[in-house]
Amino acid sequence: MKQWQITDEWSFDGLKLVDTPRPEPGPGEVLLKMKAVSLNYRDFLMIGRGYGKMSGDLSLVPLSDGVGEVVALGDGVEGIALGSRRLPCFIRDWFDGDSGPVAFNSALGGPLDGTAREYMCTPVASSVPVPEHFSDVEAATLCCAAITAWNALAEMPKTAQNGGTVVTLGTGGVSLFALQLAKAQGARVIATSSSDEKLERLKTLGADDTINYRDVPDWGKAVLGLTDGRGADLVVEVGGADTIGQSMRATRADGTISLVGNVAGSIAEVNLPLVFMFRKRMIGISTGSVADFHAMMTYLDGKTNFHPALDGHIYDFDGLSDALQALPKGEHFGKIAVRVA
């Protein structure tokens with residue numbers, strides 16, 4: 001079979017498509033014939049060992065997301081049909097509850113070999129079935145970004161009314177899934193972007209209100225204006241240092257900020273009285289457990305009209321390096337997917 005791997009150096013020069021023996025499933029494992037994979041910004045960083053020691057060792061098969069067809073069963077595996085599709089969970093050994101300090105030791109695409117291969121084995125206990133209404137490329141996106149958005153929205157304050165009001169930032173994978181999942185759950189969504197063109201596309205995904213943060217840098221105040229001065233119940237914060245102040249302002253008293261990323265800086269100043277005087281809550285969100293994946297898939301199984309936002313350019317498997325290098329340019333809208341078979 002063929003697989004992509006970072007071979008002898010942490011760089012795109014070291015990323016190569018190689019021939020390797022097809023694996024055989026061990027006890028408790030299934031062999032997946034990979035149908036499609038999708039990209040996260042994490043995958044781009046991993047090529048340059050962007051996670052330091054957490055990146056693992058060379059050689060490494062990259063990518064964290066993908067879907068495959070079950071083509072063989074290991075000893076002891078029962079109740080799994082050949083030909084069914086399964087998604088290997090991103091953090092393989094985080095089954096439920098708290099993740100613990102070493103959870104990311106079992107993350108796919110670094111330090112463990114990831115999904116960028118024609119065949120891969122995965123413990124059946126660390127995989128989930130895929131709803132039939134998703135195409136292969138759609139199903140391939142339902143890992144890191146989707147489960148992160150799912151868990152970010154789970155922090156919605158219990159006092160929220162009619163599904164709550166959610167603010168999403170930009171058009172990255174987590175933000176788009178947060179928008180779509182929030183709308184599916186009956187929430188009002190206020191979405192931001194620096195591009196009027198992308199704001200129009202956010203409206204087609206269901207955004208109720210949009211704000212161009214380049215034109216309106218004080219967008220936290222704009223959120224207050226759109227909510228009669230109350231603020232949002234939940235902000236899905238992906239920016240970090242450059243956006244946390246506005247997110248804090250946009251969040252209502254007793255509301256929540258789900259902190260997902262820091263694409264605009266890691267070190268931030270926080271107006272502490274704004275937190276304790278108005279009882280605002282910030283919680284870190286870092287993907288999810290196998291149990292979280294099962295819960296999300298069960299929910300999506302009943303949402304036949306739900307389809308992940310995909311970029312219009314679907315890459316072929318031999319174009320994976322090009323797809324990864326296109327990721328940081330930000331010219332895409334929706335998840336970048338790659339067909340494997």
# chains A, B, ... in the order shown; residues from 1 in each chain; ligands from 1
$ residues_around --residues "stretch 211-225 of chain A" --least-positions-apart "2" --cutoff "10 Å" --atoms "only C-alpha atoms" --output "list in words"
Val167, Leu169, Gly170, Ile190, Ala191, Thr192, Ser193, Ser194, Ser195, Asp196, Lys198, Leu199, Asp209, Thr227, Asp228, Gly229, Arg230, Gly231, Ala232, Thr243, Ile244, Gly245, Gln246, Ser247, Met248, Arg249, Ala250, Thr251 and Arg252 of chain A
$ select_by_dssp --residues "stretch 255-328 of chain A" --states "helix (DSSP H, G or I)" --output "PyMOL selection string"
chain A and resi 272-276+290-301+317-328
$ residues_around --residues "A:Met296" --least-positions-apart "6" --cutoff "9 Å" --atoms "only C-alpha atoms" --output "ChimeraX atom specification"
/A:146-147,150
$ write_last_selection --atoms "C-alpha atoms" --output "CSV table (one decimal), in the first residue's frame"
chain,number,residue,atom,x,y,z
A,146,ALA,CA,-16.2,18.8,14.9
A,147,ILE,CA,-15.7,17.2,18.3
A,150,TRP,CA,-19.4,19.9,20.0
$ select_by_dssp --residues "stretch 52-281 of chain A" --states "strand (DSSP E)" --output "PyMOL selection string"
chain A and resi 65-73+85-88+119-123+127-129+165-169+188-193+209-212+232-237+251-259+281
$ closest_atom_pairs --of "stretch 226-297 of chain A" --to "stretch 114-127 of chain A" --cutoff "10 Å" --atoms "only C-alpha atoms" --output "tab-separated table"
residue	atom	partner	partner_atom	distance
A:Ser289	CA	A:Ser126	CA	9.2
A:Val290	CA	A:Ser126	CA	6.2
A:Ala291	CA	A:Ser126	CA	9.3
A:Phe293	CA	A:Ser127	CA	8.5
A:His294	CA	A:Ser127	CA	8.7
$ write_last_selection --atoms "N, CA and C atoms" --output "short mmCIF file (atom, residue, chain, number, x, y, z; two decimals), in the first residue's frame"
data_model
loop_
_atom_site.label_atom_id
_atom_site.label_comp_id
_atom_site.auth_asym_id
_atom_site.auth_seq_id
_atom_site.Cartn_x
_atom_site.Cartn_y
_atom_site.Cartn_z
N SER A 289 -13.27 13.00 23.99
CA SER A 289 -13.04 11.58 24.26
C SER A 289 -13.78 10.70 23.27
N VAL A 290 -13.52 9.40 23.34
CA VAL A 290 -14.26 8.44 22.52
C VAL A 290 -15.74 8.51 22.85
N ALA A 291 -16.07 8.66 24.12
CA ALA A 291 -17.47 8.78 24.53
C ALA A 291 -18.11 10.02 23.91
N PHE A 293 -17.26 11.34 21.06
CA PHE A 293 -17.47 11.02 19.65
C PHE A 293 -18.75 10.21 19.46
N HIS A 294 -18.96 9.22 20.33
CA HIS A 294 -20.19 8.42 20.23
C HIS A 294 -21.42 9.31 20.41
#
$ residues_around --residues "A:Gly206" --least-positions-apart "4" --cutoff "10 Å" --atoms "only C-alpha atoms" --output "list in words"
Leu179, Gln180, Ala182, Lys183, Ala184, Arg188, Val189, Ile190, Ala191, Arg201 and Leu202 of chain A
$ closest_residue --among "A:Gly302, A:Ser266, A:Asp96, A:Ile257" --to "A:Lys280" --atoms "only C-alpha atoms"
A:Ile257
$ residues_around --residues "stretch 40-54 of chain A" --least-positions-apart "5" --cutoff "6 Å" --atoms "only C-alpha atoms" --output "CSV table (one decimal) with C-alpha atoms, in the first residue's frame"
chain,number,residue,atom,x,y,z
A,10,TRP,CA,10.7,17.6,9.9
A,11,SER,CA,9.8,19.6,6.7
A,63,LEU,CA,-3.1,13.7,9.7
A,324,LEU,CA,-1.3,20.9,3.4
$ atom_distance --atom1 "atom CA of A:Asp233" --atom2 "atom CA of A:Ser175"
15.9 Å
$ closest_residue --among "A:Val275, A:Ala36, A:Ala187, A:Val102" --to "A:Glu138" --atoms "only C-alpha atoms"
A:Ala36
$ closest_residue --among "A:Ala140, A:Val166, A:Val238, A:Ile91" --to "A:Leu153" --atoms "only C-alpha atoms"
A:Val166
$ residues_around --residues "A:Asp136" --least-positions-apart "4" --cutoff "10 Å" --atoms "only C-alpha atoms" --output "list in words"
Met34, Lys35, Ala36, Val37, Gly66, Val67, Gly68, Glu69, Arg85, Val130, Glu132, Ala140, Thr141, Ala337, Val338, Arg339, Val340 and Ala341 of chain A
$ write_last_selection --atoms "C-alpha atoms" --output "PDB file, in the first residue's frame"
ATOM      1  CA  MET A  34      -9.199   4.616   4.096  1.00  0.00           C
ATOM      2  CA  LYS A  35     -11.712   6.373   1.868  1.00  0.00           C
ATOM      3  CA  ALA A  36     -10.953  10.026   2.614  1.00  0.00           C
ATOM      4  CA  VAL A  37      -8.996  12.253   4.999  1.00  0.00           C
ATOM      5  CA  GLY A  66     -10.191  10.293   8.207  1.00  0.00           C
ATOM      6  CA  VAL A  67     -12.797   7.651   7.517  1.00  0.00           C
ATOM      7  CA  GLY A  68     -12.354   4.102   6.358  1.00  0.00           C
ATOM      8  CA  GLU A  69     -14.245   0.976   5.335  1.00  0.00           C
ATOM      9  CA  ARG A  85     -17.489   2.730   7.751  1.00  0.00           C
ATOM     10  CA  VAL A 130     -20.424   6.917  10.700  1.00  0.00           C
ATOM     11  CA  GLU A 132     -25.049   6.767   6.403  1.00  0.00           C
ATOM     12  CA  ALA A 140     -13.626  12.425   7.001  1.00  0.00           C
ATOM     13  CA  THR A 141     -14.058  15.883   8.560  1.00  0.00           C
ATOM     14  CA  ALA A 337     -10.561  17.091   2.124  1.00  0.00           C
ATOM     15  CA  VAL A 338      -8.500  14.501   0.264  1.00  0.00           C
ATOM     16  CA  ARG A 339      -9.885  11.389  -1.433  1.00  0.00           C
ATOM     17  CA  VAL A 340      -7.843   8.273  -0.709  1.00  0.00           C
ATOM     18  CA  ALA A 341      -9.904   5.655  -2.558  1.00  0.00           C
TER      19      ALA A 341
END
$ residues_around --residues "A:Ala160" --least-positions-apart "4" --cutoff "9 Å" --atoms "only C-alpha atoms" --output "list of chain:residue names"
A:Met156, A:Gly164, A:Thr165, A:Asp233, A:Gly255
$ closest_residue --among "A:Gly163, A:Pro157, A:Gly56, A:Pro25" --to "A:Leu181" --atoms "only C-alpha atoms"
A:Gly163
$ atom_distance --atom1 "atom CA of A:Leu87" --atom2 "atom CA of A:Val236"
24.9 Å
$ atom_distance --atom1 "atom CA of A:His133" --atom2 "atom CA of A:Gly76"
29.2 Å
